[in-house]
Every structure is written in structure tokens, then in C-alpha cells.
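Chemist: This is protein-v2.cif (mmCIF, C-alpha atoms).
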```
data_coords
loop_
_atom_site.label_atom_id
_atom_site.label_comp_id
_atom_site.auth_asym_id
_atom_site.auth_seq_id
_atom_site.Cartn_x
_atom_site.Cartn_y
_atom_site.Cartn_z
CA MET F 17 14.73 0.66 -27.44
CA VAL F 18 11.99 -0.08 -24.95
CA ASP F 19 11.10 3.34 -23.54
CA ALA F 20 9.41 2.69 -20.21
CA ARG F 21 10.05 6.14 -18.79
CA GLY F 22 7.05 7.43 -16.89
CA TYR F 23 5.70 3.96 -16.25
CA SER F 24 5.86 2.48 -12.80
CA CYS F 25 6.39 -1.17 -12.02
CA PRO F 26 5.42 -3.72 -13.00
CA THR F 27 4.71 -2.13 -16.42
CA PRO F 28 8.39 -1.66 -17.40
CA VAL F 29 9.09 -5.30 -16.57
CA ILE F 30 6.04 -6.44 -18.55
CA MET F 31 7.24 -4.37 -21.53
CA VAL F 32 10.69 -5.96 -21.35
CA GLN F 33 9.17 -9.40 -20.85
CA LYS F 34 7.12 -8.89 -23.99
CA ALA F 35 10.11 -7.67 -26.02
CA VAL F 36 12.18 -10.64 -24.90
CA ARG F 37 9.40 -13.12 -25.61
CA ASP F 38 8.54 -11.67 -29.01
CA GLY F 39 12.01 -11.50 -30.48
CA ALA F 40 14.53 -12.92 -28.01
CA PRO F 41 16.97 -10.19 -29.11
CA ALA F 42 20.67 -10.57 -28.32
CA THR F 43 20.79 -7.00 -27.13
CA LEU F 44 18.03 -4.75 -25.87
CA GLU F 45 18.08 -1.20 -24.60
CA VAL F 46 15.57 -0.14 -21.96
CA ALA F 47 14.94 3.35 -20.62
CA VAL F 48 13.34 3.81 -17.20
CA ASP F 49 13.04 6.84 -14.93
CA ASN F 50 13.23 5.41 -11.44
CA GLN F 51 15.58 3.31 -9.35
CA CYS F 52 12.90 0.80 -8.44
CA SER F 53 12.33 -0.04 -12.12
CA VAL F 54 16.11 -0.29 -12.66
CA GLU F 55 16.23 -2.95 -9.97
CA ASN F 56 13.15 -4.82 -11.20
CA VAL F 57 14.14 -4.84 -14.88
CA THR F 58 17.70 -5.84 -13.95
CA ARG F 59 16.47 -8.74 -11.87
CA PHE F 60 14.10 -9.91 -14.57
CA ALA F 61 16.76 -9.62 -17.30
CA ARG F 62 19.35 -11.57 -15.30
CA ASN F 63 16.82 -14.33 -14.69
CA ALA F 64 16.18 -14.38 -18.45
CA GLY F 65 19.91 -14.87 -19.06
CA TYR F 66 20.97 -11.33 -19.91
CA GLN F 67 23.82 -9.27 -18.57
CA VAL F 68 22.80 -5.77 -17.61
CA GLN F 69 24.68 -2.49 -17.79
CA VAL F 70 23.14 0.66 -16.36
CA SER F 71 24.08 4.08 -17.70
CA ASP F 72 22.81 7.63 -17.43
CA LEU F 73 20.28 8.87 -19.98
CA ALA F 74 19.74 12.60 -19.54
CA GLY F 75 19.02 12.15 -15.84
CA ASP F 76 17.09 8.92 -16.37
CA PHE F 77 18.47 5.40 -16.66
CA LYS F 78 19.41 3.35 -19.70
CA LEU F 79 19.77 -0.39 -19.24
CA THR F 80 21.70 -2.30 -21.88
CA LEU F 81 20.77 -5.98 -21.88
CA THR F 82 23.13 -8.38 -23.64
CA LYS F 83 23.06 -12.17 -23.94
CA MET R 13 29.79 -9.03 -6.58
CA GLU R 14 26.44 -8.80 -8.30
CA LYS R 15 25.33 -12.07 -6.76
CA GLU R 16 26.25 -10.79 -3.32
CA ASN R 17 24.25 -7.66 -3.96
CA PHE R 18 21.27 -9.80 -4.88
CA ALA R 19 21.47 -11.72 -1.62
CA LYS R 20 21.71 -8.46 0.25
CA ARG R 21 18.54 -7.20 -1.37
CA TYR R 22 16.68 -10.37 -0.50
CA GLY R 23 17.85 -10.03 3.10
CA LEU R 24 16.65 -6.45 3.21
CA LEU R 25 13.12 -7.50 2.30
CA ILE R 26 12.93 -10.26 4.88
CA GLY R 27 14.52 -7.94 7.42
CA THR R 28 11.95 -5.25 6.61
CA GLY R 29 9.13 -7.77 6.96
CA LEU R 30 10.39 -8.97 10.32
CA ALA R 31 10.88 -5.38 11.50
CA ALA R 32 7.40 -4.34 10.34
CA GLY R 33 5.84 -7.35 12.06
CA ALA R 34 7.75 -6.72 15.28
CA ALA R 35 6.86 -3.03 15.11
CA ALA R 36 3.18 -3.89 14.73
CA VAL R 37 3.26 -6.07 17.85
CA LEU R 38 5.18 -3.42 19.74
CA LEU R 39 2.76 -0.63 18.80
CA THR R 40 -0.18 -2.76 19.92
CA TYR R 41 1.65 -3.49 23.16
CA LEU R 42 2.16 0.27 23.59
CA GLY R 43 -1.54 1.04 23.13
CA ASN R 44 -2.72 0.63 19.54
CA PRO R 45 -5.90 -1.45 19.05
CA ASP R 46 -5.46 -5.23 18.91
CA ASN R 47 -4.15 -6.63 15.63
CA MET R 48 -3.80 -3.00 14.52
CA GLY R 49 -0.18 -2.12 15.13
CA PHE R 50 -0.29 -0.85 11.59
CA CYS R 51 -3.32 -0.46 9.36
CA ILE R 52 -2.99 2.08 6.60
CA ALA R 53 -6.72 2.00 5.82
CA CYS R 54 -7.80 2.31 9.46
CA PHE R 55 -5.26 5.02 10.24
CA LEU R 56 -6.19 7.14 7.23
CA ARG R 57 -9.80 6.67 8.30
CA ASP R 58 -8.87 7.92 11.79
CA ILE R 59 -7.19 10.95 10.23
CA ALA R 60 -10.36 11.62 8.20
CA GLY R 61 -12.17 11.51 11.54
CA ALA R 62 -9.72 13.85 13.27
CA LEU R 63 -10.40 16.38 10.51
CA ASN R 64 -14.13 15.80 11.15
CA LEU R 65 -14.72 14.35 7.71
CA GLN R 66 -16.51 11.54 9.53
CA ARG R 67 -17.67 11.02 13.12
CA ALA R 68 -18.69 7.38 13.14
CA GLY R 69 -20.20 6.19 16.42
CA PHE R 70 -20.68 9.77 17.62
CA ASP R 71 -21.37 9.90 21.33
CA ALA R 72 -22.97 13.17 22.40
CA GLU R 73 -21.83 12.64 25.98
CA VAL R 74 -18.14 12.73 25.15
CA GLY R 75 -18.58 14.75 21.95
CA THR R 76 -16.53 12.54 19.62
CA GLY R 77 -16.86 9.55 17.35
CA ILE R 78 -14.97 6.32 17.88
CA VAL R 79 -12.45 6.55 15.04
CA GLN R 80 -10.97 10.04 15.15
CA TYR R 81 -7.24 10.52 15.68
CA ILE R 82 -4.24 11.86 13.77
CA ARG R 83 -2.20 8.66 13.59
CA PRO R 84 1.51 9.50 13.79
CA GLU R 85 2.27 6.17 12.10
CA ILE R 86 1.04 7.57 8.77
CA ILE R 87 3.14 10.71 9.18
CA GLY R 88 6.21 8.68 10.14
CA LEU R 89 5.93 6.25 7.23
CA VAL R 90 5.69 9.09 4.70
CA LEU R 91 8.44 11.24 6.21
CA GLY R 92 10.75 8.24 6.67
CA SER R 93 10.38 7.58 2.97
CA THR R 94 10.96 11.23 2.13
CA ALA R 95 14.12 11.41 4.26
CA ILE R 96 15.75 8.30 2.83
CA ALA R 97 14.68 9.22 -0.71
CA PHE R 98 16.46 12.55 -0.37
CA ALA R 99 19.50 10.94 1.21
CA ARG R 100 19.78 8.50 -1.70
CA LYS R 101 18.86 11.02 -4.40
CA GLU R 102 15.70 9.09 -5.24
CA PHE R 103 13.31 11.94 -4.48
CA ARG R 104 11.92 12.70 -7.94
CA PRO R 105 8.68 14.66 -8.18
CA LYS R 106 6.52 13.06 -10.84
CA GLY R 107 2.86 12.62 -11.59
CA GLY R 108 0.13 12.99 -14.15
CA SER R 109 -0.55 9.29 -14.70
CA SER R 110 -4.38 9.45 -14.73
CA PRO R 111 -4.66 11.13 -11.30
CA MET R 112 -8.47 11.31 -11.37
CA LEU R 113 -8.86 7.62 -12.23
CA ARG R 114 -6.45 6.83 -9.40
CA PHE R 115 -8.56 8.93 -7.04
CA VAL R 116 -11.70 7.01 -8.02
CA ILE R 117 -10.00 3.61 -7.71
CA ALA R 118 -8.63 4.64 -4.31
CA VAL R 119 -12.12 5.54 -3.04
CA PHE R 120 -13.35 2.02 -3.83
CA VAL R 121 -10.22 0.34 -2.50
CA MET R 122 -10.90 2.09 0.79
CA ILE R 123 -14.56 1.09 0.75
CA GLY R 124 -13.48 -2.53 0.22
CA ALA R 125 -10.84 -2.33 2.95
CA LEU R 126 -13.37 -0.99 5.47
CA VAL R 127 -15.89 -3.71 4.57
CA PHE R 128 -13.16 -6.22 5.45
CA LEU R 129 -11.77 -4.03 8.25
CA GLY R 130 -8.19 -3.52 7.22
CA CYS R 131 -5.71 -2.84 4.49
CA PRO R 132 -3.55 -5.70 3.16
CA LEU R 133 -0.96 -4.96 5.84
CA ARG R 134 -3.50 -5.31 8.62
CA MET R 135 -4.83 -8.44 6.92
CA VAL R 136 -1.38 -9.96 7.26
CA ILE R 137 -1.12 -8.76 10.86
CA ARG R 138 -4.56 -10.25 11.62
CA ILE R 139 -3.42 -13.58 10.16
CA GLY R 140 -0.42 -13.46 12.50
CA GLY R 141 -2.81 -12.87 15.38
CA GLY R 142 -4.80 -16.01 14.54
CA ASP R 143 -7.81 -14.27 12.98
CA GLY R 144 -9.32 -16.82 10.58
CA ASN R 145 -11.50 -14.17 8.94
CA ALA R 146 -8.31 -12.61 7.63
CA LEU R 147 -7.55 -15.86 5.78
CA VAL R 148 -10.90 -15.45 4.03
CA GLY R 149 -9.81 -11.89 3.26
CA LEU R 150 -6.53 -13.24 1.90
CA ALA R 151 -8.43 -15.52 -0.47
CA GLY R 152 -10.37 -12.52 -1.74
CA PHE R 153 -7.18 -10.47 -1.99
CA VAL R 154 -5.52 -13.15 -4.15
CA ILE R 155 -8.60 -13.39 -6.37
CA GLY R 156 -8.60 -9.60 -6.81
CA ILE R 157 -4.90 -9.58 -7.70
CA LEU R 158 -5.40 -12.37 -10.23
CA ILE R 159 -8.20 -10.37 -11.87
CA GLY R 160 -5.98 -7.28 -11.99
CA ILE R 161 -3.10 -9.27 -13.52
CA GLN R 162 -5.36 -10.36 -16.40
CA PHE R 163 -5.61 -6.71 -17.39
CA LEU R 164 -1.94 -5.93 -16.70
CA THR R 165 -0.75 -8.63 -19.09
CA ARG R 166 -3.18 -7.33 -21.73
CA GLY R 167 -1.63 -3.88 -21.66
CA PHE R 168 -3.50 -2.14 -18.85
CA SER R 169 -1.75 1.03 -17.82
CA LEU R 170 -2.80 4.33 -16.32
CA ARG R 171 -0.32 5.90 -18.77
CA ARG R 172 2.96 7.65 -18.23
CA ALA R 173 3.78 9.98 -15.39
CA HIS R 174 5.85 13.06 -16.08
CA PRO R 175 8.37 15.07 -14.07
CA GLN R 176 6.79 17.66 -11.78
CA SER R 177 8.10 20.66 -9.86
CA MET R 178 9.81 20.28 -6.51
CA ALA R 179 6.93 22.18 -4.89
CA GLU R 180 4.41 19.70 -6.32
CA GLY R 181 6.45 16.74 -5.11
CA LEU R 182 6.96 18.21 -1.65
CA ALA R 183 3.32 19.19 -1.12
CA PHE R 184 2.30 15.85 0.36
CA PRO R 185 5.26 15.41 2.75
CA VAL R 186 4.75 19.02 3.89
CA LEU R 187 1.06 18.26 4.45
CA MET R 188 2.22 15.44 6.75
CA LEU R 189 4.35 17.93 8.69
CA GLY R 190 1.22 20.06 9.02
CA LEU R 191 -0.70 17.08 10.40
CA LEU R 192 2.13 16.47 12.87
CA GLY R 193 1.79 20.09 14.00
CA LEU R 194 -1.95 19.64 14.50
CA LEU R 195 -1.37 16.39 16.41
CA LEU R 196 1.10 18.03 18.78
CA ALA R 197 -0.84 21.29 19.19
CA ALA R 198 -4.19 19.45 19.46
CA PRO R 199 -6.38 22.51 18.84
CA ASP R 200 -10.10 22.29 19.71
CA PHE R 201 -11.22 21.93 16.09
CA ILE R 202 -9.30 18.67 15.69
CA PHE R 203 -11.18 15.63 17.00
CA PHE R 204 -9.54 12.90 19.07
CA SER R 205 -11.84 10.03 20.05
CA ALA R 206 -12.54 9.76 23.75
CA LYS R 207 -13.48 6.12 23.35
CA GLY R 208 -13.38 3.34 20.78
CA PRO R 209 -10.44 2.28 18.58
CA GLY R 210 -9.57 5.92 17.85
CA SER R 211 -8.82 6.43 21.55
CA GLN R 212 -6.42 3.49 21.68
CA ALA R 213 -3.00 4.66 20.63
CA ALA R 214 0.69 4.16 21.31
CA PRO R 215 2.49 7.25 22.65
CA VAL R 216 3.02 9.79 19.87
CA LEU R 217 6.82 9.83 19.98
CA ALA R 218 7.16 6.04 20.03
CA ALA R 219 4.67 5.60 17.18
CA LEU R 220 6.38 8.31 15.15
CA LEU R 221 9.88 6.91 15.61
CA VAL R 222 8.86 3.33 14.88
CA ALA R 223 6.99 4.43 11.76
CA LEU R 224 9.91 6.58 10.57
CA MET R 225 12.14 3.52 10.79
CA ILE R 226 9.66 1.29 8.95
CA GLY R 227 9.17 4.06 6.37
CA VAL R 228 12.91 4.08 5.67
CA LEU R 229 13.03 0.28 5.38
CA ALA R 230 9.91 0.11 3.24
CA GLN R 231 11.31 2.71 0.85
CA ARG R 232 14.61 0.86 0.55
CA SER R 233 13.08 -2.58 0.14
CA ARG R 234 10.02 -1.51 -1.97
CA LEU R 235 7.87 -3.52 0.43
CA CYS R 236 4.39 -4.08 -1.02
CA MET R 237 1.68 -6.55 -0.08
CA VAL R 238 0.11 -6.52 -3.54
CA GLY R 239 3.46 -6.66 -5.29
CA GLY R 240 4.33 -9.84 -3.41
CA ILE R 241 1.54 -11.91 -4.85
CA ARG R 242 1.58 -10.08 -8.19
CA ASP R 243 5.29 -10.64 -8.84
CA ALA R 244 5.10 -14.26 -7.72
CA VAL R 245 2.36 -14.92 -10.29
CA LEU R 246 3.66 -12.68 -13.09
CA PHE R 247 7.41 -13.21 -12.92
CA ARG R 248 7.91 -16.15 -10.53
CA ASP R 249 9.72 -13.59 -8.39
CA PHE R 250 9.29 -14.42 -4.72
CA ARG R 251 11.25 -11.59 -3.14
CA LEU R 252 8.35 -9.35 -2.15
CA ILE R 253 6.22 -12.24 -1.00
CA SER R 254 9.04 -13.32 1.31
CA ALA R 255 8.51 -10.06 3.20
CA PHE R 256 4.81 -10.85 3.37
CA ALA R 257 5.65 -14.17 5.03
CA ALA R 258 8.21 -12.51 7.31
CA ILE R 259 5.57 -10.09 8.65
CA ILE R 260 3.24 -12.98 9.51
CA LEU R 261 6.09 -14.85 11.19
CA ALA R 262 7.18 -11.88 13.31
CA VAL R 263 3.62 -11.04 14.34
CA LEU R 264 2.93 -14.68 15.18
CA ILE R 265 6.03 -14.97 17.35
CA GLY R 266 5.29 -11.64 19.02
CA ASN R 267 1.70 -12.56 19.76
CA LEU R 268 2.72 -15.98 21.10
CA ALA R 269 5.29 -14.31 23.36
CA LEU R 270 2.67 -11.87 24.66
CA GLN R 271 0.07 -14.65 24.90
CA LYS R 272 -2.15 -12.74 22.50
CA PHE R 273 -2.37 -15.43 19.86
CA THR R 274 -6.03 -16.53 19.73
CA PRO R 275 -6.75 -18.69 16.70
CA GLY R 276 -10.37 -18.76 15.51
CA PHE R 277 -13.09 -16.87 13.68
CA THR R 278 -15.31 -15.47 16.41
CA ASP R 279 -14.49 -12.71 18.89
CA GLN R 280 -11.46 -11.56 16.94
CA PRO R 281 -10.42 -7.96 17.67
CA ILE R 282 -12.06 -5.40 15.36
CA ALA R 283 -13.19 -8.04 12.88
CA HIS R 284 -16.45 -9.64 11.80
CA THR R 285 -17.32 -13.14 10.61
CA GLU R 286 -19.41 -12.38 7.52
CA TRP R 287 -17.14 -14.33 5.21
CA LEU R 288 -18.73 -13.28 1.92
CA TRP R 289 -18.13 -9.62 2.72
CA ASN R 290 -14.63 -10.25 4.03
CA LEU R 291 -13.94 -11.98 0.74
CA LEU R 292 -15.59 -9.44 -1.58
CA GLY R 293 -14.11 -6.46 0.26
CA MET R 294 -10.61 -7.78 -0.29
CA VAL R 295 -11.29 -8.69 -3.93
CA LEU R 296 -11.95 -4.96 -4.43
CA VAL R 297 -8.75 -4.09 -2.56
CA GLY R 298 -6.61 -6.59 -4.50
CA TRP R 299 -7.93 -5.67 -7.92
CA GLY R 300 -7.87 -1.92 -7.26
CA SER R 301 -4.38 -2.07 -5.79
CA VAL R 302 -3.01 -3.88 -8.84
CA LEU R 303 -4.47 -1.11 -11.01
CA LEU R 304 -2.87 1.49 -8.71
CA GLY R 305 0.48 -0.32 -8.83
CA GLY R 306 0.77 -1.03 -5.12
CA CYS R 307 -0.96 -1.54 -1.78
CA PRO R 308 -1.94 1.40 0.46
CA LEU R 309 1.36 1.15 2.36
CA ARG R 310 3.30 1.36 -0.90
CA GLN R 311 1.22 4.38 -1.96
CA LEU R 312 2.27 6.20 1.24
CA ILE R 313 5.93 5.40 0.59
CA LEU R 314 5.72 6.51 -3.06
CA ALA R 315 3.93 9.71 -2.04
CA GLY R 316 6.85 10.32 0.30
CA GLU R 317 9.25 9.96 -2.65
CA GLY R 318 7.54 12.77 -4.56
CA ASN R 319 5.07 10.64 -6.56
CA THR R 320 2.07 12.93 -6.74
CA ASP R 321 -0.13 10.26 -8.33
CA SER R 322 0.30 8.30 -5.12
CA ALA R 323 -0.39 11.46 -3.11
CA VAL R 324 -3.68 11.83 -4.99
CA THR R 325 -4.35 8.14 -4.32
CA VAL R 326 -3.88 8.61 -0.57
CA THR R 327 -6.23 11.59 -0.73
CA GLY R 328 -8.73 9.25 -2.41
CA PHE R 329 -8.29 6.79 0.45
CA ILE R 330 -9.14 9.52 2.98
CA VAL R 331 -12.23 10.58 1.02
CA GLY R 332 -13.21 6.92 0.60
CA ALA R 333 -12.97 6.45 4.36
CA ALA R 334 -15.20 9.45 4.97
CA ILE R 335 -17.75 8.12 2.46
CA SER R 336 -17.60 4.66 4.05
CA HIS R 337 -18.40 5.91 7.52
CA ASN R 338 -20.83 8.67 6.57
CA PHE R 339 -22.96 6.28 4.50
CA GLY R 340 -22.80 3.25 6.78
CA LEU R 341 -20.61 1.17 4.46
CA ALA R 342 -17.85 0.43 6.96
CA SER R 343 -18.07 -2.74 8.99
CA SER R 344 -17.61 -3.06 12.74
CA GLY R 345 -17.05 -5.93 15.12
CA ALA R 346 -20.82 -6.49 14.98
CA GLY R 347 -20.84 -7.13 11.23
CA ILE R 348 -21.11 -5.20 8.02
CA GLY R 349 -22.43 -1.65 7.91
CA THR R 350 -26.09 -0.69 8.01
CA GLY R 351 -25.90 1.31 4.78
CA PRO R 352 -26.05 0.13 1.15
CA VAL R 353 -22.95 -2.08 1.42
CA ALA R 354 -23.92 -4.46 -1.38
CA ALA R 355 -24.67 -1.59 -3.76
CA ALA R 356 -21.38 0.14 -2.95
CA VAL R 357 -19.30 -3.02 -3.42
CA ALA R 358 -21.16 -3.82 -6.67
CA ALA R 359 -20.55 -0.27 -7.88
CA GLY R 360 -16.89 -0.77 -7.04
CA PHE R 361 -16.66 -3.83 -9.25
CA VAL R 362 -18.39 -2.05 -12.12
CA VAL R 363 -16.09 0.97 -11.82
CA LEU R 364 -12.92 -1.16 -11.63
CA ALA R 365 -14.08 -3.22 -14.61
CA VAL R 366 -14.77 -0.11 -16.70
CA ILE R 367 -11.42 1.47 -15.79
CA SER R 368 -9.59 -1.82 -16.43
CA VAL R 369 -11.15 -2.38 -19.85
CA THR R 370 -10.91 1.19 -21.09
CA ASN R 371 -7.23 1.56 -20.20
CA MET R 372 -5.84 -1.41 -22.05
CA GLN R 373 -3.52 -0.23 -24.76
CA LYS R 374 -0.59 -1.34 -26.81
CA LEU R 375 2.41 -0.45 -24.66
CA GLU R 376 4.48 1.23 -27.31
CA GLY R 377 8.23 1.05 -26.74
#
```
Using C-alpha cells, write down the structure from this file.
Modeler:
Amino acid sequence: MVDARGYSCPTPVIMVQKAVRDGAPATLEVAVDNQCSVENVTRFARNAGYQVQVSDLAGDFKLTLTK
Amino acid sequence: MEKENFAKRYGLLIGTGLAAGAAAVLLTYLGNPDNMGFCIACFLRDIAGALNLQRAGFDAEVGTGIVQYIRPEIIGLVLGSTAIAFARKEFRPKGGSSPMLRFVIAVFVMIGALVFLGCPLRMVIRIGGGDGNALVGLAGFVIGILIGIQFLTRGFSLRRAHPQSMAEGLAFPVLMLGLLGLLLAAPDFIFFSAKGPGSQAAPVLAALLVALMIGVLAQRSRLCMVGGIRDAVLFRDFRLISAFAAIILAVLIGNLALQKFTPGFTDQPIAHTEWLWNLLGMVLVGWGSVLLGGCPLRQLILAGEGNTDSAVTVTGFIVGAAISHNFGLASSGAGIGTGPVAAAVAAGFVVLAVISVTNMQKLEG
């Protein structure tokens, strides 16, 4: 899981970008703590060909990216 | 459905840009200085003046400086953000992401902005007014952002923020309410310029309402001048930069309609023609703002959402403005300041470089 909680954009997107580029995983879980990062990571992931599901993670957000 | 949502979000950004541009023209029409419907740097500088942290251009006859006023636009932007953040359950007090480094960066961003004479938002507004010097500033701004991005992609981060108490998150918005009280009560110990740019202002209520509205839109759309260019370069994402273009378009149309569009380099309102300093000032602003994660406008909006790192950043802007004017670093229509401008800008580059290099780390998942 990419834990980007506490980071503000664009860092979470850069972390996801790096994870995608390094391994091109079929599924990837990302944790963020603000709505703005949810939107930015979601947009980036969709552009990279992933489907995105957002769920609650103890008050924060968990994004599940699947190809 | 998701596609539709996407289009809606794109529309919101362009709509926000058009609204912000139109608001800037309107506020100038109502009394704000030319090409200064909004300027986060200038307005925070005016607030520093109102609190007597600087009295640039002090005139003993009238007893005030020329840039002293509690700008209701700043208050409105922050409180608009706070209101909509609460309404949408996005108000989350957090902070602790290198607050002191942010403070230092903010001081130099403000010094750079006042060498150029405007924050990125005013730069865009100046472009829409035909001010060619602002295009030079834009070139510097882009260079600064590109420098900042080199560090971002190599793992630069000011580290994680952590949840904070509600009281900590509310401190900054409440401070804005306090400023509003001082503006309305206008006690003797608060300074309002009798002449100069600080004396030119739209009516308080109009400025406050317009800014509240833009604050709401900016919070919803995440409008950011730095983010526009940064995301276009980093992610080929052109959403934020579309708002950037929309502001220029709205200001241009507004100025043409009011016959205030005057293309050129000389005799531009509250601007100077020393291109090297316009350029270098905005390199500082662009680089520093990338490190901070957003332009001065965005910092106000984030501070309104309970981000105390951004609140500290805005405090740094105010202190930076006081330093700029007290030590003759700020420019004026006549040219750059009479103080050690070159030394201050050079120091800014050294400080940003040191902070950039020493905060690169492996971003552990």
C-alpha cells in the first residue's frame, strides 16, 4: 500500500506515479487523508488506465486501483 | 456517470477562473488600485501596514504610509473557504509539516513577489490588463516552477502533516474574524493609508462578499496558479492551467469593455520595467511556491480549511512583506527598492536551494 497520508499534493500523485512506473501493478492500494488528494490520485489513476474505488480508512481515504 | 463528473469538475475550474477574473475587474472598478482587483501579496502587505508592521512611504502630513489597509478580500477568501469546507465536511485541522521551513520559504516568496510587484494571481491579472512586464514575470515564474519540479520528482517533501486540534485549525479563521472586527471598528491604533494604493479600495461590504464567493469557488475547484503550470509539466494535466487562462480571458474582456486595456511595458499601473528583477522576483515566487505546495492564494484557501502549515505560511508572507518594506526591498512604480535588493534575492535563492536539497528523501510508501 502506498501510504500518502499527511502529504499534500502533488506528493501523493508523485508517489503513485512512481509505484505505477516501477512495477505497473494490476492492483494498488493508496491511502490519503484529504479530499483534494482523492481527486488528484483518482484522476491520475484513470488516465493511467486504472479503475478507482474509494473507501473509508479510519476516517481517511483508501483508494483501490485496479487495471 | 464518472465521465460526467469529470466534465463537471473541469467546468468548475474554468468557471472559477472566469469568476475570479470578472471579480478582479469589478473590484478595480469599485475602487481597488488598477490591475489589483486581487493581489494576495499586496493585500497581505497592506494588512502588515494596517498593523503598523511597516509604514512605507510615510507622509508626516497625513500620518500614514501608502500601503496600509485591512483588505477585506483576504478575510473573505479565507472565510469563504472555511464556510464551504465545513459545509462539505472537508474542514480537517492538520499541520506539523516543517512549519518553520515553510515560514522561511514564505518570507522569501513575499520578498520576490514585492520585487516583481504582485503574487501569481496579480501577475495573471496584469497580463490581462496588457502589462508586458507581467509576461516577463510569467517567464520567471515558469522557470522557478521548473526548478522546483526538479526537486519534487527527486523526492522533495516537507514531510507529513498530522491531525491537529479543532482549536488549532480554527485559530487562523478566527484571526480573520478579528481582523474584520478591527476593519469595521477602525480604532486609532490601526492604520489606513490616506493616500497611495492603500487608500484605493472597493467598499468593504462589496469586497467582502465578492471575496467570500471566490473563496468558496477556489476551495471547491482547488484553484492554484502554481499548480496549473506544475501539473501541466508533471502529469500533462491541464485542468488547473485552464483556470489560469480563464482568469486572463475574463480580465482581458473586462478591461476591453471598460477601455482600460493598455498594452505595453511603460506606464503600467503599479509596475516597473526593470525586466531582470521582474524575472528574478518571480523565479523566487515560482520555486518557493512549488516547495510550499501552492501559490499564495491557495495557501489562504488551505489555511481556511484548517491547514495550520498554510496558516504559518501566510504569517510568513506578512512578516516577509514587513521586511520588504522596512528594508527597502519592495519595488514601486519608479523601479526596484533602494535597499539591498540584489543581496536579498540572492539570499533567497541560496535559502531555497539549501531547503530543496536537504529535504529530498525516499518517499516511503
Chemist: Let me know the residues the PyMOL selection byres ((chain F) within 12 of (chain R)) catches in the file above, as an NGL selection string.
Modeler: :F and (17-35 or 44-64 or 67-69 or 75-76)
Chemist: Which residue, R:Val127, R:Leu24, R:Ile259, R:Ile367, has the smallest gap to Ile282 of chain R when you use all atoms listed in the file?
Modeler: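 With all atoms listed in the file as the atom set, the closest residue is R:Val127.
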Chemist: Which of these residues is nearest to Thr325 of chain R, using only C-alpha atoms: R:Gly160, R:Pro209, R:Gly360, R:Pro111?
Modeler: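 Residue with the minimum atom-to-atom distance to Thr325 of chain R: R:Pro111.
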Chemist: Got a sec to check which residues sit within 10 Å of (-17.7, 13.4, 13.0), counting all atoms listed in the file, and write them as a list in words?
Modeler: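 The residues near that point, listed by chain and number, are Ala60, Gly61, Ala62, Leu63, Asn64, Leu65, Gln66, Arg67, Ala68, Gly69, Phe70, Asp71, Gly75, Thr76, Gly77, Ile78, Val79, Gln80, Phe203, Ser205, Ala334, His337 and Asn338 of chain R.
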Chemist: Any idea what's packed within 12 Å of Leu38 of chain R, counting all atoms listed in the file, ignoring anything in its chain fewer than 2 positions away? Could you give it as a PyMOL selection string?
Modeler: chain R and resi 31-36+40-50+213-215+218-219+222-223+262-263+265-267+269-270
Chemist: What's the separation between atom CA of Leu187 of chain R and atom CA of Leu314 of chain R, in Å to one decimal place?
Modeler: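 Going from atom CA of Leu187 of chain R over to atom CA of Leu314 of chain R, I get 14.7 Å.
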Chemist: Which residues match the PyMOL selection byres ((chain R and resi 98) around 12) in the file above, as a list in words?
Modeler: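 Listing what the PyMOL selection byres ((chain R and resi 98) around 12) selects in the shown file: Leu91, Gly92, Ser93, Thr94, Ala95, Ile96, Ala97, Ala99, Arg100, Lys101, Glu102, Phe103, Arg104, Pro105, Met178, Gly181, Leu182, Pro185, Val228, Gln231, Arg232, Gly316, Glu317 and Gly318 of chain R.
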Chemist: Using all atoms listed in the file, find the one residue out of R:Gly142, R:Gly328, R:Gly210, R:Pro84 that sits nearest to Asp58 of chain R.
Modeler: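 Distance minimum relative to Asp58 of chain R lands on R:Gly210.
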Chemist: Would you compute the distance between atom CA of Met372 of chain R and atom CA of Arg310 of chain R? Give it in Å to one decimal.
Modeler: 23.2 Å
Chemist: Work out how far apart atom CA of Pro281 of chain R and atom CA of Gln212 of chain R are and give it in Å to one decimal.
Modeler: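 About the pair atom CA of Pro281 of chain R and atom CA of Gln212 of chain R: they are 12.8 Å apart.
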Chemist: Of the candidates R:Ile82, R:Met225, R:Ala346, R:Ile253, which shows the shortest atom-to-atom distance to Met188 of chain R, using only C-alpha atoms?
Modeler: R:Ile82
Chemist: Compare R:Leu195, R:Val136, R:Met294, R:Leu312 by their minimum atom-to-atom distance to Gly152 of chain R, counting all atoms listed in the file, and give me the closest one.
Modeler: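 Selected residue with least distance to Gly152 of chain R: R:Met294.
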Chemist: Pick out the closest residue to Glu73 of chain R from this set: R:Ile155, R:Ala206, R:Cys51, R:Asp200. Count all atoms listed in the file.
Modeler: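 Selected residue with least distance to Glu73 of chain R: R:Ala206.
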Chemist: For the provided coordinates, the residues matched by the PyMOL selection byres ((chain R and resi 145) around 12) should be stated as a PyMOL selection string.
Modeler: chain R and resi 128-130+134-144+146-152+275-291+293-294+345+347
Chemist: Take the residues just selected and output them with C-alpha atoms as a CSV table (one decimal), in the coordinates of the input.
Modeler:
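Contents of the output file again_2.csv:
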```csv
chain,number,residue,atom,x,y,z
R,128,PHE,CA,-13.2,-6.2,5.4
R,129,LEU,CA,-11.8,-4.0,8.2
R,130,GLY,CA,-8.2,-3.5,7.2
R,134,ARG,CA,-3.5,-5.3,8.6
R,135,MET,CA,-4.8,-8.4,6.9
R,136,VAL,CA,-1.4,-10.0,7.3
R,137,ILE,CA,-1.1,-8.8,10.9
R,138,ARG,CA,-4.6,-10.2,11.6
R,139,ILE,CA,-3.4,-13.6,10.2
R,140,GLY,CA,-0.4,-13.5,12.5
R,141,GLY,CA,-2.8,-12.9,15.4
R,142,GLY,CA,-4.8,-16.0,14.5
R,143,ASP,CA,-7.8,-14.3,13.0
R,144,GLY,CA,-9.3,-16.8,10.6
R,146,ALA,CA,-8.3,-12.6,7.6
R,147,LEU,CA,-7.6,-15.9,5.8
R,148,VAL,CA,-10.9,-15.4,4.0
R,149,GLY,CA,-9.8,-11.9,3.3
R,150,LEU,CA,-6.5,-13.2,1.9
R,151,ALA,CA,-8.4,-15.5,-0.5
R,152,GLY,CA,-10.4,-12.5,-1.7
R,275,PRO,CA,-6.8,-18.7,16.7
R,276,GLY,CA,-10.4,-18.8,15.5
R,277,PHE,CA,-13.1,-16.9,13.7
R,278,THR,CA,-15.3,-15.5,16.4
R,279,ASP,CA,-14.5,-12.7,18.9
R,280,GLN,CA,-11.5,-11.6,16.9
R,281,PRO,CA,-10.4,-8.0,17.7
R,282,ILE,CA,-12.1,-5.4,15.4
R,283,ALA,CA,-13.2,-8.0,12.9
R,284,HIS,CA,-16.4,-9.6,11.8
R,285,THR,CA,-17.3,-13.1,10.6
R,286,GLU,CA,-19.4,-12.4,7.5
R,287,TRP,CA,-17.1,-14.3,5.2
R,288,LEU,CA,-18.7,-13.3,1.9
R,289,TRP,CA,-18.1,-9.6,2.7
R,290,ASN,CA,-14.6,-10.2,4.0
R,291,LEU,CA,-13.9,-12.0,0.7
R,293,GLY,CA,-14.1,-6.5,0.3
R,294,MET,CA,-10.6,-7.8,-0.3
R,345,GLY,CA,-17.0,-5.9,15.1
R,347,GLY,CA,-20.8,-7.1,11.2
```
